[in-house]
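Shown next: run20.txt, containing compact mmCIF, C-alpha atoms.
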```txt
# COMPACT_ATOMS: atom_id res chain seq x y z
CA MET A 1 0.00 0.00 0.00
CA GLU A 2 1.14 3.44 -0.90
CA PHE A 3 0.68 5.50 2.22
CA ASP A 4 3.53 7.70 3.28
CA LYS A 5 4.40 8.93 6.74
CA GLY A 6 2.98 12.41 6.24
CA GLN A 7 -0.41 11.09 5.18
CA LEU A 8 -0.66 8.69 8.09
CA GLU A 9 0.19 11.46 10.54
CA LYS A 10 -2.61 13.55 9.06
CA LEU A 11 -5.17 10.73 9.13
CA LEU A 12 -4.39 9.03 12.42
CA ARG A 13 -4.12 9.93 16.06
CA PHE A 14 -1.59 7.91 18.01
CA ARG A 15 -1.76 8.02 21.82
CA ASN A 16 1.54 7.44 23.55
CA GLY A 17 2.78 6.32 20.15
CA LEU A 18 0.13 3.62 19.78
CA ILE A 19 -3.13 3.09 17.92
CA PRO A 20 -5.59 0.26 18.71
CA VAL A 21 -6.32 -2.14 15.88
CA VAL A 22 -9.34 -4.43 15.41
CA VAL A 23 -8.75 -7.47 13.22
CA GLN A 24 -11.55 -9.24 11.40
CA ASP A 25 -11.52 -12.22 9.05
CA ARG A 26 -13.30 -12.66 5.69
CA ASN A 27 -16.35 -14.12 7.44
CA GLY A 28 -16.79 -11.13 9.72
CA VAL A 29 -15.36 -12.87 12.80
CA VAL A 30 -13.50 -10.43 15.05
CA LEU A 31 -10.19 -12.16 15.71
CA MET A 32 -8.31 -9.89 18.10
CA LEU A 33 -7.58 -6.40 19.33
CA ALA A 34 -3.95 -5.31 19.45
CA TYR A 35 -1.79 -2.20 19.10
CA MET A 36 0.47 -0.76 16.42
CA ASN A 37 3.08 1.91 16.69
CA ARG A 38 4.07 3.88 13.60
CA LYS A 39 6.74 1.34 12.66
CA ALA A 40 4.39 -1.65 12.99
CA LEU A 41 1.83 0.12 10.83
CA ALA A 42 4.38 1.06 8.16
CA LYS A 43 5.71 -2.51 8.14
CA SER A 44 2.18 -3.93 7.87
CA LEU A 45 1.32 -1.67 4.95
CA SER A 46 4.60 -2.24 3.12
CA THR A 47 4.65 -6.05 3.51
CA GLY A 48 0.89 -6.71 3.37
CA PHE A 49 1.11 -8.77 6.58
CA MET A 50 0.06 -7.75 10.06
CA HIS A 51 2.77 -6.52 12.43
CA TYR A 52 2.10 -5.25 15.94
CA TRP A 53 3.77 -3.57 18.86
CA SER A 54 3.87 -5.78 21.92
CA ARG A 55 3.33 -3.62 24.99
CA SER A 56 4.49 -6.33 27.38
CA ARG A 57 7.62 -7.33 25.44
CA ARG A 58 8.24 -3.85 24.09
CA LYS A 59 9.03 -5.10 20.62
CA LEU A 60 7.70 -5.21 17.10
CA TRP A 61 6.40 -8.62 16.09
CA LYS A 62 4.94 -10.18 12.99
CA LYS A 63 1.76 -12.14 13.63
CA GLY A 64 2.57 -15.78 12.87
CA GLU A 65 6.34 -15.42 13.09
CA VAL A 66 6.46 -18.41 15.48
CA SER A 67 3.24 -20.27 14.68
CA GLY A 68 2.99 -19.65 10.94
CA HIS A 69 -0.49 -18.28 11.57
CA THR A 70 0.00 -15.12 9.56
CA GLN A 71 -2.58 -12.49 8.68
CA LYS A 72 -2.56 -11.22 5.11
CA ILE A 73 -4.17 -7.81 4.77
CA ILE A 74 -7.28 -7.52 2.59
CA GLU A 75 -8.60 -4.09 3.56
CA VAL A 76 -7.75 -1.27 5.98
CA ARG A 77 -10.44 0.96 7.42
CA VAL A 78 -9.95 4.12 9.47
CA SER A 79 -12.35 5.28 12.18
CA CYS A 80 -14.20 8.59 11.93
CA GLU A 81 -11.78 10.30 14.30
CA GLY A 82 -8.66 8.44 13.14
CA GLU A 83 -8.25 6.96 16.63
CA SER A 84 -8.50 3.29 15.65
CA LEU A 85 -8.07 0.99 12.67
CA LEU A 86 -10.01 -2.01 11.37
CA PHE A 87 -8.08 -4.55 9.31
CA LYS A 88 -9.75 -7.28 7.30
CA VAL A 89 -7.35 -10.18 6.91
CA GLU A 90 -6.88 -13.66 5.57
CA GLN A 91 -6.07 -15.58 8.77
CA ILE A 92 -4.02 -18.78 8.44
CA SER A 93 -5.34 -21.41 10.91
CA GLY A 94 -6.49 -19.85 14.21
CA CYS A 95 -5.61 -16.40 15.50
CA CYS A 96 -5.46 -17.17 19.22
CA HIS A 97 -2.41 -18.61 20.98
CA LYS A 98 -4.86 -20.74 22.99
CA GLY A 99 -5.80 -22.69 19.83
CA TYR A 100 -9.00 -20.95 18.78
CA ARG A 101 -10.04 -19.11 15.63
CA THR A 102 -10.55 -15.91 17.61
CA CYS A 103 -9.14 -14.53 20.86
CA PHE A 104 -12.79 -13.83 21.78
CA TYR A 105 -13.62 -17.51 22.23
CA ARG A 106 -15.37 -17.07 25.59
CA ALA A 107 -18.79 -15.51 26.19
CA MET A 108 -20.32 -14.31 29.45
CA LYS A 109 -23.05 -16.75 30.48
CA GLY A 110 -24.90 -16.63 33.76
CA LYS A 111 -22.25 -15.97 36.39
CA GLY A 112 -19.28 -17.29 34.41
CA LEU A 113 -17.55 -17.58 31.04
CA LYS A 114 -18.35 -20.29 28.53
CA ILE A 115 -16.13 -21.39 25.64
CA VAL A 116 -18.23 -20.89 22.52
CA GLU A 117 -15.69 -21.70 19.80
CA LYS A 118 -14.17 -24.99 18.66
CA LYS A 119 -10.47 -25.56 19.21
CA LEU A 120 -8.57 -25.58 15.91
CA PHE A 121 -5.14 -26.65 17.19
CA GLU A 122 -3.30 -27.67 20.33
CA PRO A 123 -1.03 -24.81 21.43
CA LYS A 124 1.65 -27.29 22.52
CA SER A 125 1.90 -28.70 18.99
CA ILE A 126 2.60 -25.24 17.62
CA TYR A 127 4.64 -23.48 20.28
CA GLY A 128 6.36 -26.52 21.80
CA ARG A 129 5.17 -25.57 25.26
CA PRO A 130 2.11 -23.84 26.66
CA GLN A 131 2.25 -20.10 26.08
CA LYS A 132 2.00 -18.11 29.26
CA LYS A 133 1.60 -14.78 27.60
CA PRO A 134 0.78 -14.09 23.95
CA PHE A 135 2.75 -11.56 21.94
CA ASN A 136 -0.19 -9.22 21.67
CA ALA A 137 -0.66 -8.73 25.39
CA MET B 1 -26.47 -9.94 33.37
CA GLU B 2 -25.40 -11.37 36.65
CA PHE B 3 -21.72 -10.53 36.92
CA ASP B 4 -20.52 -9.06 40.16
CA LYS B 5 -17.55 -6.81 40.79
CA GLY B 6 -15.33 -9.55 42.13
CA GLN B 7 -15.80 -11.75 39.10
CA LEU B 8 -15.10 -8.94 36.66
CA GLU B 9 -11.90 -8.03 38.50
CA LYS B 10 -10.77 -11.64 38.20
CA LEU B 11 -11.63 -11.91 34.50
CA LEU B 12 -10.56 -8.54 33.19
CA ARG B 13 -7.47 -6.39 33.12
CA PHE B 14 -8.11 -2.68 33.17
CA ARG B 15 -5.26 -0.34 32.24
CA ASN B 16 -5.42 3.08 33.82
CA GLY B 17 -8.94 2.12 34.78
CA LEU B 18 -10.03 1.44 31.18
CA ILE B 19 -10.65 -1.54 28.93
CA PRO B 20 -11.03 -1.27 25.14
CA VAL B 21 -14.30 -2.52 23.69
CA VAL B 22 -15.07 -3.65 20.14
CA VAL B 23 -18.71 -3.37 19.10
CA GLN B 24 -20.20 -5.49 16.33
CA ASP B 25 -23.74 -5.68 14.97
CA ARG B 26 -25.86 -8.75 14.18
CA ASN B 27 -24.51 -8.85 10.62
CA GLY B 28 -20.89 -8.95 11.74
CA VAL B 29 -20.20 -5.30 10.90
CA VAL B 30 -17.68 -3.77 13.31
CA LEU B 31 -19.34 -0.54 14.41
CA MET B 32 -16.83 1.16 16.69
CA LEU B 33 -14.04 0.87 19.21
CA ALA B 34 -14.43 2.68 22.50
CA TYR B 35 -13.49 2.41 26.18
CA MET B 36 -15.25 1.41 29.36
CA ASN B 37 -14.25 2.01 32.93
CA ARG B 38 -15.59 -0.27 35.66
CA LYS B 39 -18.68 1.89 36.14
CA ALA B 40 -19.52 1.97 32.42
CA LEU B 41 -19.16 -1.79 32.24
CA ALA B 42 -21.33 -2.37 35.30
CA LYS B 43 -23.96 0.01 33.94
CA SER B 44 -23.91 -1.72 30.53
CA LEU B 45 -24.35 -5.15 32.08
CA SER B 46 -27.06 -4.07 34.49
CA THR B 47 -29.13 -2.09 31.96
CA GLY B 48 -28.44 -4.20 28.85
CA PHE B 49 -27.47 -1.07 26.90
CA MET B 50 -23.98 0.11 26.00
CA HIS B 51 -22.39 2.78 28.19
CA TYR B 52 -18.87 4.08 27.72
CA TRP B 53 -16.27 6.26 29.33
CA SER B 54 -15.46 9.30 27.24
CA ARG B 55 -11.74 10.00 27.56
CA SER B 56 -12.05 13.48 26.05
CA ARG B 57 -15.07 14.57 28.09
CA ARG B 58 -14.11 12.55 31.13
CA LYS B 59 -17.62 11.32 31.71
CA LEU B 60 -19.80 8.26 31.51
CA TRP B 61 -22.20 8.31 28.57
CA LYS B 62 -24.92 6.10 27.22
CA LYS B 63 -24.65 5.44 23.51
CA GLY B 64 -27.71 7.05 21.91
CA GLU B 65 -28.53 9.35 24.80
CA VAL B 66 -28.68 12.31 22.38
CA SER B 67 -29.37 10.65 19.02
CA GLY B 68 -31.60 7.78 20.14
CA HIS B 69 -29.20 5.42 18.36
CA THR B 70 -28.86 3.03 21.25
CA GLN B 71 -27.04 -0.30 21.32
CA LYS B 72 -28.85 -3.19 23.00
CA ILE B 73 -26.48 -5.91 24.14
CA ILE B 74 -26.88 -9.37 22.61
CA GLU B 75 -23.63 -11.07 23.68
CA VAL B 76 -20.44 -10.23 25.55
CA ARG B 77 -17.17 -11.92 24.74
CA VAL B 78 -13.91 -11.69 26.67
CA SER B 79 -10.46 -11.90 25.05
CA CYS B 80 -8.02 -14.68 25.94
CA GLU B 81 -6.04 -12.41 28.25
CA GLY B 82 -9.02 -10.43 29.55
CA GLU B 83 -7.56 -7.25 28.06
CA SER B 84 -10.43 -6.41 25.72
CA LEU B 85 -14.14 -7.07 25.23
CA LEU B 86 -16.29 -7.77 22.19
CA PHE B 87 -19.95 -6.80 22.40
CA LYS B 88 -22.54 -7.93 19.88
CA VAL B 89 -25.37 -5.41 19.80
CA GLU B 90 -28.62 -4.44 18.18
CA GLN B 91 -27.76 -1.00 16.78
CA ILE B 92 -30.61 1.45 16.23
CA SER B 93 -30.03 3.41 12.99
CA GLY B 94 -26.33 4.17 12.42
CA CYS B 95 -23.55 4.02 14.99
CA CYS B 96 -21.39 6.87 13.73
CA HIS B 97 -22.00 10.53 14.56
CA LYS B 98 -21.08 11.29 10.94
CA GLY B 99 -24.24 9.52 9.74
CA TYR B 100 -22.90 6.09 8.82
CA ARG B 101 -23.70 2.57 10.00
CA THR B 102 -20.15 2.15 11.26
CA CYS B 103 -17.41 4.51 12.42
CA PHE B 104 -15.14 2.57 10.03
CA TYR B 105 -16.81 3.99 6.92
CA ARG B 106 -13.55 4.90 5.16
CA ALA B 107 -11.06 2.50 3.58
CA MET B 108 -7.50 3.17 2.49
CA LYS B 109 -7.37 3.25 -1.31
CA GLY B 110 -4.31 4.19 -3.32
CA LYS B 111 -2.88 7.26 -1.60
CA GLY B 112 -6.09 8.36 0.13
CA LEU B 113 -9.23 7.34 1.97
CA LYS B 114 -12.46 6.42 0.21
CA ILE B 115 -15.92 6.39 1.78
CA VAL B 116 -17.19 2.84 1.32
CA GLU B 117 -20.47 2.98 3.26
CA LYS B 118 -23.79 4.63 2.47
CA LYS B 119 -24.95 7.52 4.64
CA LEU B 120 -27.95 6.55 6.78
CA PHE B 121 -28.78 9.96 8.23
CA GLU B 122 -27.74 13.59 8.17
CA PRO B 123 -25.92 14.43 11.42
CA LYS B 124 -27.52 17.90 11.45
CA SER B 125 -31.00 16.38 11.55
CA ILE B 126 -30.07 14.38 14.65
CA TYR B 127 -27.72 16.58 16.63
CA GLY B 128 -29.06 20.01 15.55
CA ARG B 129 -25.59 21.11 14.49
CA PRO B 130 -22.53 19.38 13.07
CA GLN B 131 -20.69 17.41 15.74
CA LYS B 132 -17.09 18.45 16.13
CA LYS B 133 -16.15 15.63 18.38
CA PRO B 134 -18.09 12.44 19.11
CA PHE B 135 -18.64 11.20 22.62
CA ASN B 136 -16.43 8.18 22.11
CA ALA B 137 -13.28 10.11 21.19
```
Write out the structure in this file as structure tokens.
Amino acid sequence: MEFDKGQLEKLLRFRNGLIPVVVQDRNGVVLMLAYMNRKALAKSLSTGFMHYWSRSRRKLWKKGEVSGHTQKIIEVRVSCEGESLLFKVEQISGCCHKGYRTCFYRAMKGKGLKIVEKKLFEPKSIYGRPQKKPFNA
Amino acid sequence: MEFDKGQLEKLLRFRNGLIPVVVQDRNGVVLMLAYMNRKALAKSLSTGFMHYWSRSRRKLWKKGEVSGHTQKIIEVRVSCEGESLLFKVEQISGCCHKGYRTCFYRAMKGKGLKIVEKKLFEPKSIYGRPQKKPFNA
């Protein structure tokens, strides 16, 4: 994509260097919410694959760099106030490090949470060991 | 909904008192991204209608309190790490103060943004005068 730095600065409002990003697949499923800094956004737009800023690890990461579960960008939408982004992506396998299609695999039911999505993969088989903390946290 | 304070504290991670919230309609359209504090979340769950914390106005607000374009809650999902929420809602009219179904009514095309949604209403007819800043900013 052909956006340059000047344009992005005009269109978007970063807070503390970050902008929140909603990620949705072709079927309309919301997969995750994460954050980009300017570099992660530029890298995403130039490569066509989603890159994020990890607030906990304080580093840039490419979604799927360990698991292979990459996200190819289909469309980028900008909110009315330029304070958030919505990416439509082609998600390979499941998005969530817990093995589900979406990170939002639990719904509030009664007084607790209920898993409402099917597991697509076993995290151990992908990451070697259970993940304590995902990159996007 | 029957969640109590203790449960929410266990399930969710607020940062600076806030949690980001993705809002989606019945058809899978992502309508907006906004923030809730604990009070806004409790009020949303107890009334069944979306309430947010406005960071710019520093106040709790009910979506649709001026426009009538309320959001009735259908389902609440919690992210894997409890750091964000996904609400499915019944949106009355359009979500965006600019007159569109969704706040994400513009897509990046070439070197600019293109409006890719139809206008549902004229903001002037709802708010009396053009809105400079929406509540959710």
As AutoDock Vina command-line options, please report the centre and edge lengths, rounded to one decimal in Å, of the axis-aligned box that holds all listed atoms of region 51-70 of chain A with 3 Å of padding on each of the six sides.
```
--center_x 4.3 --center_y -11.9 --center_z 18.5 --size_x 15.5 --size_y 22.7 --size_z 23.8
```
Q) Which is closer to chain A than all the others in B:Lys59, B:Arg101, B:Arg77, B:Lys43, using only C-alpha atoms? A) B:Arg77
**Q.** Residues near region 112-123 of chain A, cut-off 7 Å, all atoms listed in the file, skip fewer than 3 positions along chain, as a list in words
**A.** Gly94, His97, Lys98, Gly99, Tyr100, Arg101, Tyr105, Arg106, Ala107, Met108, Lys109, Ile126, Tyr127 and Pro130 of chain A
Post-fit chain B coords, all in-order Cα pairs vs chain A, as an mmCIF file with C-alpha atoms, keeping the file's coordinate frame:
```
data_model
loop_
_atom_site.group_PDB
_atom_site.id
_atom_site.type_symbol
_atom_site.label_atom_id
_atom_site.label_comp_id
_atom_site.auth_asym_id
_atom_site.auth_seq_id
_atom_site.Cartn_x
_atom_site.Cartn_y
_atom_site.Cartn_z
ATOM 1 C CA MET B 1 -0.003 0.008 -0.011
ATOM 2 C CA GLU B 2 1.138 3.441 -0.940
ATOM 3 C CA PHE B 3 0.666 5.502 2.198
ATOM 4 C CA ASP B 4 3.518 7.700 3.263
ATOM 5 C CA LYS B 5 4.400 8.934 6.724
ATOM 6 C CA GLY B 6 2.969 12.388 6.225
ATOM 7 C CA GLN B 7 -0.415 11.100 5.161
ATOM 8 C CA LEU B 8 -0.672 8.689 8.070
ATOM 9 C CA GLU B 9 0.184 11.449 10.539
ATOM 10 C CA LYS B 10 -2.613 13.551 9.071
ATOM 11 C CA LEU B 11 -5.169 10.729 9.141
ATOM 12 C CA LEU B 12 -4.386 9.033 12.417
ATOM 13 C CA ARG B 13 -4.109 9.929 16.063
ATOM 14 C CA PHE B 14 -1.588 7.920 18.009
ATOM 15 C CA ARG B 15 -1.737 8.022 21.808
ATOM 16 C CA ASN B 16 1.554 7.436 23.552
ATOM 17 C CA GLY B 17 2.787 6.328 20.163
ATOM 18 C CA LEU B 18 0.126 3.612 19.777
ATOM 19 C CA ILE B 19 -3.127 3.088 17.914
ATOM 20 C CA PRO B 20 -5.570 0.261 18.704
ATOM 21 C CA VAL B 21 -6.332 -2.137 15.870
ATOM 22 C CA VAL B 22 -9.337 -4.424 15.410
ATOM 23 C CA VAL B 23 -8.745 -7.461 13.211
ATOM 24 C CA GLN B 24 -11.564 -9.241 11.403
ATOM 25 C CA ASP B 25 -11.523 -12.216 9.045
ATOM 26 C CA ARG B 26 -13.297 -12.669 5.699
ATOM 27 C CA ASN B 27 -16.358 -14.119 7.442
ATOM 28 C CA GLY B 28 -16.776 -11.122 9.724
ATOM 29 C CA VAL B 29 -15.361 -12.868 12.799
ATOM 30 C CA VAL B 30 -13.494 -10.429 15.049
ATOM 31 C CA LEU B 31 -10.183 -12.165 15.700
ATOM 32 C CA MET B 32 -8.303 -9.893 18.085
ATOM 33 C CA LEU B 33 -7.562 -6.407 19.317
ATOM 34 C CA ALA B 34 -3.954 -5.304 19.446
ATOM 35 C CA TYR B 35 -1.770 -2.205 19.086
ATOM 36 C CA MET B 36 0.473 -0.766 16.420
ATOM 37 C CA ASN B 37 3.093 1.911 16.696
ATOM 38 C CA ARG B 38 4.091 3.883 13.603
ATOM 39 C CA LYS B 39 6.757 1.340 12.671
ATOM 40 C CA ALA B 40 4.395 -1.639 12.989
ATOM 41 C CA LEU B 41 1.840 0.136 10.839
ATOM 42 C CA ALA B 42 4.386 1.058 8.179
ATOM 43 C CA LYS B 43 5.713 -2.501 8.153
ATOM 44 C CA SER B 44 2.177 -3.927 7.860
ATOM 45 C CA LEU B 45 1.328 -1.661 4.943
ATOM 46 C CA SER B 46 4.600 -2.232 3.129
ATOM 47 C CA THR B 47 4.658 -6.033 3.520
ATOM 48 C CA GLY B 48 0.899 -6.701 3.370
ATOM 49 C CA PHE B 49 1.105 -8.769 6.567
ATOM 50 C CA MET B 50 0.059 -7.739 10.064
ATOM 51 C CA HIS B 51 2.767 -6.521 12.438
ATOM 52 C CA TYR B 52 2.095 -5.244 15.934
ATOM 53 C CA TRP B 53 3.759 -3.567 18.853
ATOM 54 C CA SER B 54 3.860 -5.784 21.909
ATOM 55 C CA ARG B 55 3.325 -3.604 24.973
ATOM 56 C CA SER B 56 4.474 -6.326 27.372
ATOM 57 C CA ARG B 57 7.585 -7.332 25.428
ATOM 58 C CA ARG B 58 8.226 -3.862 24.091
ATOM 59 C CA LYS B 59 9.017 -5.091 20.622
ATOM 60 C CA LEU B 60 7.693 -5.200 17.101
ATOM 61 C CA TRP B 61 6.377 -8.613 16.092
ATOM 62 C CA LYS B 62 4.920 -10.182 13.006
ATOM 63 C CA LYS B 63 1.755 -12.144 13.639
ATOM 64 C CA GLY B 64 2.574 -15.781 12.857
ATOM 65 C CA GLU B 65 6.333 -15.421 13.088
ATOM 66 C CA VAL B 66 6.456 -18.407 15.477
ATOM 67 C CA SER B 67 3.237 -20.286 14.684
ATOM 68 C CA GLY B 68 2.997 -19.648 10.942
ATOM 69 C CA HIS B 69 -0.507 -18.288 11.551
ATOM 70 C CA THR B 70 -0.001 -15.131 9.561
ATOM 71 C CA GLN B 71 -2.582 -12.489 8.686
ATOM 72 C CA LYS B 72 -2.565 -11.219 5.103
ATOM 73 C CA ILE B 73 -4.176 -7.812 4.771
ATOM 74 C CA ILE B 74 -7.275 -7.518 2.585
ATOM 75 C CA GLU B 75 -8.593 -4.070 3.570
ATOM 76 C CA VAL B 76 -7.755 -1.265 5.980
ATOM 77 C CA ARG B 77 -10.428 0.964 7.426
ATOM 78 C CA VAL B 78 -9.943 4.122 9.474
ATOM 79 C CA SER B 79 -12.349 5.276 12.205
ATOM 80 C CA CYS B 80 -14.199 8.590 11.943
ATOM 81 C CA GLU B 81 -11.776 10.304 14.310
ATOM 82 C CA GLY B 82 -8.666 8.443 13.148
ATOM 83 C CA GLU B 83 -8.255 6.954 16.623
ATOM 84 C CA SER B 84 -8.503 3.292 15.649
ATOM 85 C CA LEU B 85 -8.069 0.989 12.658
ATOM 86 C CA LEU B 86 -9.999 -2.004 11.363
ATOM 87 C CA PHE B 87 -8.075 -4.544 9.307
ATOM 88 C CA LYS B 88 -9.753 -7.276 7.293
ATOM 89 C CA VAL B 89 -7.353 -10.185 6.914
ATOM 90 C CA GLU B 90 -6.880 -13.668 5.583
ATOM 91 C CA GLN B 91 -6.052 -15.582 8.774
ATOM 92 C CA ILE B 92 -4.027 -18.779 8.445
ATOM 93 C CA SER B 93 -5.344 -21.408 10.900
ATOM 94 C CA GLY B 94 -6.477 -19.847 14.197
ATOM 95 C CA CYS B 95 -5.611 -16.397 15.502
ATOM 96 C CA CYS B 96 -5.463 -17.160 19.213
ATOM 97 C CA HIS B 97 -2.420 -18.619 20.965
ATOM 98 C CA LYS B 98 -4.857 -20.755 22.972
ATOM 99 C CA GLY B 99 -5.794 -22.691 19.820
ATOM 100 C CA TYR B 100 -8.995 -20.944 18.765
ATOM 101 C CA ARG B 101 -10.050 -19.101 15.617
ATOM 102 C CA THR B 102 -10.541 -15.914 17.608
ATOM 103 C CA CYS B 103 -9.136 -14.524 20.851
ATOM 104 C CA PHE B 104 -12.779 -13.828 21.783
ATOM 105 C CA TYR B 105 -13.611 -17.513 22.233
ATOM 106 C CA ARG B 106 -15.368 -17.065 25.589
ATOM 107 C CA ALA B 107 -18.782 -15.502 26.190
ATOM 108 C CA MET B 108 -20.300 -14.326 29.449
ATOM 109 C CA LYS B 109 -23.031 -16.761 30.485
ATOM 110 C CA GLY B 110 -24.885 -16.612 33.775
ATOM 111 C CA LYS B 111 -22.219 -15.977 36.405
ATOM 112 C CA GLY B 112 -19.265 -17.307 34.403
ATOM 113 C CA LEU B 113 -17.557 -17.580 31.042
ATOM 114 C CA LYS B 114 -18.352 -20.302 28.526
ATOM 115 C CA ILE B 115 -16.127 -21.388 25.643
ATOM 116 C CA VAL B 116 -18.231 -20.890 22.520
ATOM 117 C CA GLU B 117 -15.693 -21.699 19.792
ATOM 118 C CA LYS B 118 -14.182 -24.986 18.659
ATOM 119 C CA LYS B 119 -10.470 -25.566 19.199
ATOM 120 C CA LEU B 120 -8.559 -25.580 15.902
ATOM 121 C CA PHE B 121 -5.153 -26.658 17.187
ATOM 122 C CA GLU B 122 -3.300 -27.672 20.318
ATOM 123 C CA PRO B 123 -1.027 -24.807 21.417
ATOM 124 C CA LYS B 124 1.641 -27.312 22.518
ATOM 125 C CA SER B 125 1.897 -28.707 18.994
ATOM 126 C CA ILE B 126 2.604 -25.225 17.635
ATOM 127 C CA TYR B 127 4.627 -23.468 20.300
ATOM 128 C CA GLY B 128 6.386 -26.519 21.823
ATOM 129 C CA ARG B 129 5.183 -25.570 25.291
ATOM 130 C CA PRO B 130 2.113 -23.850 26.702
ATOM 131 C CA GLN B 131 2.236 -20.103 26.119
ATOM 132 C CA LYS B 132 1.999 -18.101 29.302
ATOM 133 C CA LYS B 133 1.586 -14.803 27.614
ATOM 134 C CA PRO B 134 0.776 -14.099 23.964
ATOM 135 C CA PHE B 135 2.720 -11.595 21.937
ATOM 136 C CA ASN B 136 -0.213 -9.230 21.681
ATOM 137 C CA ALA B 137 -0.703 -8.754 25.426
#
```
(Q) Please determine, counting all atoms listed in the file, which residue among A:Ser44, A:Gln24, A:Ser67, A:Asn16 has the shortest atom-to-atom distance to chain B. (A)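 Among the listed residues, A:Gln24 lies closest to chain B.
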Q: For His51 (chain B), work out the shell of residues within 7 Å, counting only C-alpha atoms and skipping chain neighbours fewer than 5 positions away, then give it as a PyMOL selection string.
A: chain B and resi 40-41+43-44+60-63
Residues of chain B within 10 Å of chain A: nearest atom pair and distance (Å, one decimal) for each, counting only C-alpha atoms, sorted by chain and number, as CSV?
```
residue,atom,partner,partner_atom,distance
B:Met1,CA,A:Gly110,CA,6.9
B:Glu2,CA,A:Lys111,CA,5.6
B:Phe3,CA,A:Lys111,CA,5.5
B:Asp4,CA,A:Lys111,CA,8.1
B:Gln7,CA,A:Gly112,CA,8.0
B:Leu8,CA,A:Gly112,CA,9.6
B:Leu11,CA,A:Leu113,CA,8.9
B:Pro20,CA,A:Leu33,CA,8.5
B:Val21,CA,A:Leu33,CA,8.9
B:Val22,CA,A:Val22,CA,7.5
B:Val23,CA,A:Val30,CA,9.7
B:Gln24,CA,A:Val30,CA,8.4
B:Asn27,CA,A:Gly28,CA,8.1
B:Gly28,CA,A:Gly28,CA,5.1
B:Val29,CA,A:Gly28,CA,6.9
B:Val30,CA,A:Val30,CA,8.1
B:Leu31,CA,A:Ser79,CA,9.4
B:Met32,CA,A:Ser79,CA,7.6
B:Leu33,CA,A:Ser84,CA,7.0
B:Ala34,CA,A:Ser84,CA,9.1
B:Glu75,CA,A:Ala107,CA,7.0
B:Val76,CA,A:Ala107,CA,5.6
B:Arg77,CA,A:Ala107,CA,4.2
B:Val78,CA,A:Phe104,CA,5.5
B:Ser79,CA,A:Phe104,CA,4.5
B:Cys80,CA,A:Cys103,CA,5.2
B:Glu81,CA,A:Ala137,CA,7.1
B:Gly82,CA,A:Phe104,CA,9.3
B:Glu83,CA,A:Ala137,CA,7.5
B:Ser84,CA,A:Leu33,CA,7.0
B:Leu85,CA,A:Phe104,CA,7.7
B:Leu86,CA,A:Phe104,CA,7.0
B:Phe87,CA,A:Ala107,CA,9.6
B:Cys96,CA,A:Cys80,CA,7.6
B:His97,CA,A:Cys80,CA,8.5
B:Lys98,CA,A:Cys80,CA,7.5
B:Tyr100,CA,A:Cys80,CA,9.6
B:Thr102,CA,A:Ser79,CA,8.5
B:Cys103,CA,A:Ser79,CA,5.1
B:Phe104,CA,A:Ser79,CA,4.4
B:Tyr105,CA,A:Ser79,CA,7.0
B:Arg106,CA,A:Arg77,CA,5.5
B:Ala107,CA,A:Arg77,CA,4.2
B:Met108,CA,A:Val76,CA,5.7
B:Lys109,CA,A:Met1,CA,8.2
B:Gly110,CA,A:Glu2,CA,6.0
B:Lys111,CA,A:Phe3,CA,5.5
B:Gly112,CA,A:Phe3,CA,7.6
B:Leu113,CA,A:Val78,CA,8.2
B:Lys114,CA,A:Arg77,CA,9.3
B:Ile115,CA,A:Arg77,CA,9.6
B:Val116,CA,A:Arg77,CA,9.3
B:Lys132,CA,A:Glu81,CA,9.9
B:Lys133,CA,A:Glu81,CA,8.0
B:Pro134,CA,A:Glu81,CA,8.2
B:Asn136,CA,A:Glu81,CA,9.3
B:Ala137,CA,A:Glu81,CA,7.1
```
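For the pair CA of Arg15 (chain B) and CA of Arg55 (chain A), the separation is 11.7 Å.
When CA of Glu65 (chain A) is paired with CA of Ile92 (chain A), their separation reads 11.8 Å.
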Q: Kindly give the distance, in Å, that separates CA of Thr47 (chain A) and CA of Arg13 (chain A), rounded to a single decimal.
A: 22.1 Å
Q. If we count all atoms listed in the file, what is near Ile73 (chain A) at a cut-off of 8 Å, once residues fewer than 5 positions away on the same chain are taken out, given as a PyMOL selection string?
A. chain A and resi 48-50+87-90
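Compared by their closest atoms to Ser46 (chain B), and using only C-alpha atoms, the residues B:Asp25, B:Lys5, B:Thr70, B:Leu12 rank with B:Lys5 nearest.
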